[in-house]
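S.K.: Have a look at this one.
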Amino acid sequence: MTDTSVNSTEPVAPDTPTPRRHILQKILAFCVIIGLLTAGFMASRYILHSRPAIKRELPGKMQLPVQVRPLYRMDAQPLIQAMGTVIPARELAVMPQVTGIVQAVHPNLVPGGRVQAGDILVTLDDRDYQLTLERSTHNLEKVRMDLRLEEGSQAVARREFELIREYDSPALTKAPADLALRKPQLNKARAALAAAETEVARARLDLERTRIRAPFNSVVRERNVTVGSLVSPQTTVAILAATDAFWVRLAVPHSALEAIDLPDGNEPGAPVELRDATDPDGPPIPGRILRLLGDIDPAGIMARLVVEVAAPLQRTPPLLLEQPVKASITGRILKNCFRLPRTAVRLDNTVLLADPDDRLIIRHLEPVWKDADWIYVQDGLNEGDRLIVSPVAAPVAGMPLSIIPEKPAPRTNG
């Protein structure tokens, strides 16, 4: 019997048979691949030929966009800004004219108190002065009686002198008549009467001076006495400041004086508008320049003006002493000038203009006046010139411009 499991040379059949493709299947797969490649190629050509074509253009001229403002001549009245301090127009250190003990004090005689002209501020003990007045009055009566007696003696002496002259005695004729008629004695009595009347007047005046009165409507700045204080003519009872008017001392640049109308004889000074320095938007307080001081403010090397404000404490809010204020002084009218925004004028006093061909012009000007917001010129510009008011970083004369209308200023109430 033959063993065929060990000696057989035939290959073992695999578990999964390998599929064999038919010739038609191979042709179909090749055609699909060729179709896909052809479709991709056609799609890419379509995309490349259907994109928009970019047109090349030459760059245009560069134009600087600016805002302009036409200029016209006008009559302008500039405002000069200044700072100042409120000071008393009249300030008085009240001192008694007699010595005495304080008996009573006015209830408003305290710092900040208001007193009226004629109010009794302080009452002194007047008993000594009443006694002095009584003694002077009695002495006056005595002197008057002495004068009457002397006048009676005059009548007797005149009669005796006439009788003696009837004898025509040479000795009596040569004797002085005024001695015989007692004229020196009469003059002495009359002088004594005048002296006694003066003493009475002096005693009455000293008695009246024991009542210390306010000389004008005032506010009390300082009080130095109380009931029981001993005062003398060297004692300062109180310090008063008149309230009918206050002064404001302003410091202005010396060059600004030529634009300010100062008082001249009966002509008043320029009007001034004052505001609290801590509240620039507060209500204005009107004033008027009173005088130009003859010295320079040592702190700022500036000229000083005095402005008068009437009834300062009757305003709302009141103007107070030592209050810092900001002042706007109305200057002289500048006729036929151009007013330029300060932001449009460069540091070297040049301005930028747009010519009729919309090209930049740089022009130098000589200002006639400057303030915080405006610069005024009279020469160097023409009617209708277009001022460039927008910032230009690096201006070059002749550069082309693109004109943009200036935005109108926002409207404000009032």
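The chains in the structure tokens are called A, B, ... from first to last as shown; in each chain the residues are counted from 1, and the ligands are counted from 1 in the order shown.
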Would you kindly return, as a list of chain:residue names, each protein, DNA or RNA residue with an atom no farther than 12 Å from any atom of A:Lys188, considering only C-alpha atoms and excluding same-chain residues fewer than 2 positions away?

M.R.: A:Val143, A:Arg144, A:Asp146, A:Leu147, A:Glu150, A:Glu151, A:Arg182, A:Lys183, A:Pro184, A:Gln185, A:Leu186, A:Arg190, A:Ala191, A:Ala192, A:Leu193, A:Ala194, A:Ala195

S.K.: Name all residues at most 12 Å from A:Thr210 (count only C-alpha atoms; drop same-chain ones fewer than 4 positions away) and give them as a PDB file with C-alpha atoms, in the first residue's frame.

M.R.:
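Contents of around_36.pdb, as written:
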```
ATOM      1  CA  MET A  95      -9.186 153.131  67.787  1.00  0.00           C
ATOM      2  CA  PRO A  96     -10.808 155.075  70.679  1.00  0.00           C
ATOM      3  CA  GLN A  97      -9.932 158.717  71.259  1.00  0.00           C
ATOM      4  CA  VAL A  98     -10.361 158.483  75.043  1.00  0.00           C
ATOM      5  CA  THR A  99      -9.400 156.003  77.731  1.00  0.00           C
ATOM      6  CA  GLY A 100     -12.010 153.903  79.477  1.00  0.00           C
ATOM      7  CA  ILE A 101     -13.473 150.542  80.411  1.00  0.00           C
ATOM      8  CA  VAL A 102     -15.623 148.791  77.773  1.00  0.00           C
ATOM      9  CA  GLN A 103     -19.219 148.574  79.026  1.00  0.00           C
ATOM     10  CA  ALA A 104     -21.020 147.219  75.964  1.00  0.00           C
ATOM     11  CA  ILE A 120     -22.418 152.238  68.180  1.00  0.00           C
ATOM     12  CA  LEU A 121     -19.726 149.583  68.134  1.00  0.00           C
ATOM     13  CA  VAL A 122     -18.346 149.979  71.669  1.00  0.00           C
ATOM     14  CA  THR A 123     -19.622 151.896  74.712  1.00  0.00           C
ATOM     15  CA  LEU A 124     -17.086 152.996  77.327  1.00  0.00           C
ATOM     16  CA  ASP A 125     -17.696 153.856  80.999  1.00  0.00           C
ATOM     17  CA  ASP A 126     -18.493 157.600  80.832  1.00  0.00           C
ATOM     18  CA  ARG A 127     -18.932 158.543  84.513  1.00  0.00           C
ATOM     19  CA  ASP A 128     -15.590 160.344  84.755  1.00  0.00           C
ATOM     20  CA  TYR A 129     -16.382 162.297  81.596  1.00  0.00           C
ATOM     21  CA  GLN A 130     -19.849 163.260  82.867  1.00  0.00           C
ATOM     22  CA  ALA A 203     -15.666 167.784  78.048  1.00  0.00           C
ATOM     23  CA  ARG A 204     -18.812 167.302  75.943  1.00  0.00           C
ATOM     24  CA  LEU A 205     -16.705 165.952  73.053  1.00  0.00           C
ATOM     25  CA  ASP A 206     -14.838 163.516  75.326  1.00  0.00           C
ATOM     26  CA  VAL A 231      -8.835 150.679  76.079  1.00  0.00           C
ATOM     27  CA  SER A 232      -6.806 153.777  75.245  1.00  0.00           C
ATOM     28  CA  PRO A 233      -6.072 155.804  72.113  1.00  0.00           C
TER      29      PRO A 233
END
```

S.K.: Neighbouring residues of stretch 342-347 of chain A were defined as those with any atom within 7 Å, considering only C-alpha atoms; residues of the same chain fewer than 4 positions away were excluded. Please report them as an MDAnalysis selection string.

M.R.: chainID A and resid 351 373:375 388:389

S.K.: Rank A:His138, A:Tyr376, A:Asp357, A:Arg69 by their smallest atom-to-atom distance to A:Met399, using only C-alpha atoms, and report the top residue only.

M.R.: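 Using only C-alpha atoms, the shortest distance to A:Met399 belongs to A:Asp357.
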
S.K.: Could you go through stretch 56-142 of chain A and tell me which residues DSSP, when run on the backbone, assigns to alpha helix (DSSP H), listing them as a compact mmCIF listing (two decimals) with N, CA and C atoms, in the first residue's frame?

M.R.:
```txt
# COMPACT_ATOMS: atom_id res chain seq x y z
N ARG A 127 -18.65 157.79 83.29
CA ARG A 127 -18.93 158.54 84.51
C ARG A 127 -17.89 159.62 84.76
N ASP A 128 -16.63 159.32 84.56
CA ASP A 128 -15.59 160.34 84.76
C ASP A 128 -15.80 161.52 83.80
N TYR A 129 -16.21 161.23 82.58
CA TYR A 129 -16.38 162.30 81.60
C TYR A 129 -17.64 163.11 81.87
N GLN A 130 -18.66 162.50 82.46
CA GLN A 130 -19.85 163.26 82.87
C GLN A 130 -19.49 164.23 83.99
N LEU A 131 -18.68 163.76 84.97
CA LEU A 131 -18.26 164.65 86.05
C LEU A 131 -17.41 165.80 85.52
N THR A 132 -16.55 165.48 84.59
CA THR A 132 -15.72 166.55 84.00
C THR A 132 -16.60 167.57 83.28
N LEU A 133 -17.64 167.11 82.62
CA LEU A 133 -18.54 168.04 81.93
C LEU A 133 -19.29 168.90 82.94
N GLU A 134 -19.74 168.31 84.04
CA GLU A 134 -20.44 169.10 85.06
C GLU A 134 -19.52 170.15 85.67
N ARG A 135 -18.28 169.75 85.97
CA ARG A 135 -17.34 170.71 86.55
C ARG A 135 -17.06 171.84 85.57
N SER A 136 -16.90 171.52 84.32
CA SER A 136 -16.65 172.57 83.31
C SER A 136 -17.86 173.48 83.16
N THR A 137 -19.05 172.89 83.27
CA THR A 137 -20.27 173.71 83.14
C THR A 137 -20.38 174.67 84.31
N HIS A 138 -20.10 174.20 85.53
CA HIS A 138 -20.14 175.09 86.70
C HIS A 138 -19.09 176.20 86.59
N ASN A 139 -17.92 175.83 86.14
CA ASN A 139 -16.89 176.84 85.98
C ASN A 139 -17.29 177.88 84.93
N LEU A 140 -17.98 177.44 83.89
CA LEU A 140 -18.45 178.38 82.87
C LEU A 140 -19.44 179.36 83.46
N GLU A 141 -20.35 178.88 84.32
CA GLU A 141 -21.32 179.78 84.95
C GLU A 141 -20.59 180.80 85.83
N LYS A 142 -19.59 180.36 86.57
CA LYS A 142 -18.84 181.28 87.43
C LYS A 142 -18.15 182.37 86.61
```

S.K.: From a backbone DSSP assignment, name each residue in stretch 246-286 of chain A labelled strand (DSSP E or B), as a ChimeraX atom specification.

M.R.: /A:246-252,264,267,271-276,285-286

S.K.: If we count only C-alpha atoms and set the cut-off at 9 Å, which residues sit around A:Asn224, ignoring sequence neighbours fewer than 3 positions away in its own chain? Please answer as an MDAnalysis selection string.

M.R.: chainID A and resid 235:239

S.K.: Take atom CA of A:Val94 and atom CA of A:Ala245 and report the distance between them in Å, one decimal.

M.R.: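 That distance, rounded to one decimal, is 19.1 Å.
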
S.K.: Which one of A:Pro400, A:Gly35, A:Pro298, A:Gly84 sits closest to A:Val252 if you count only C-alpha atoms?

M.R.: A:Gly84

S.K.: Can you tell me which residues surround A:Leu320 at a distance of at most 8 Å, considering only C-alpha atoms, apart from same-chain residues fewer than 4 positions away, and format the answer as a list in words?

M.R.: Val86, Pro312 and Leu313 of chain A
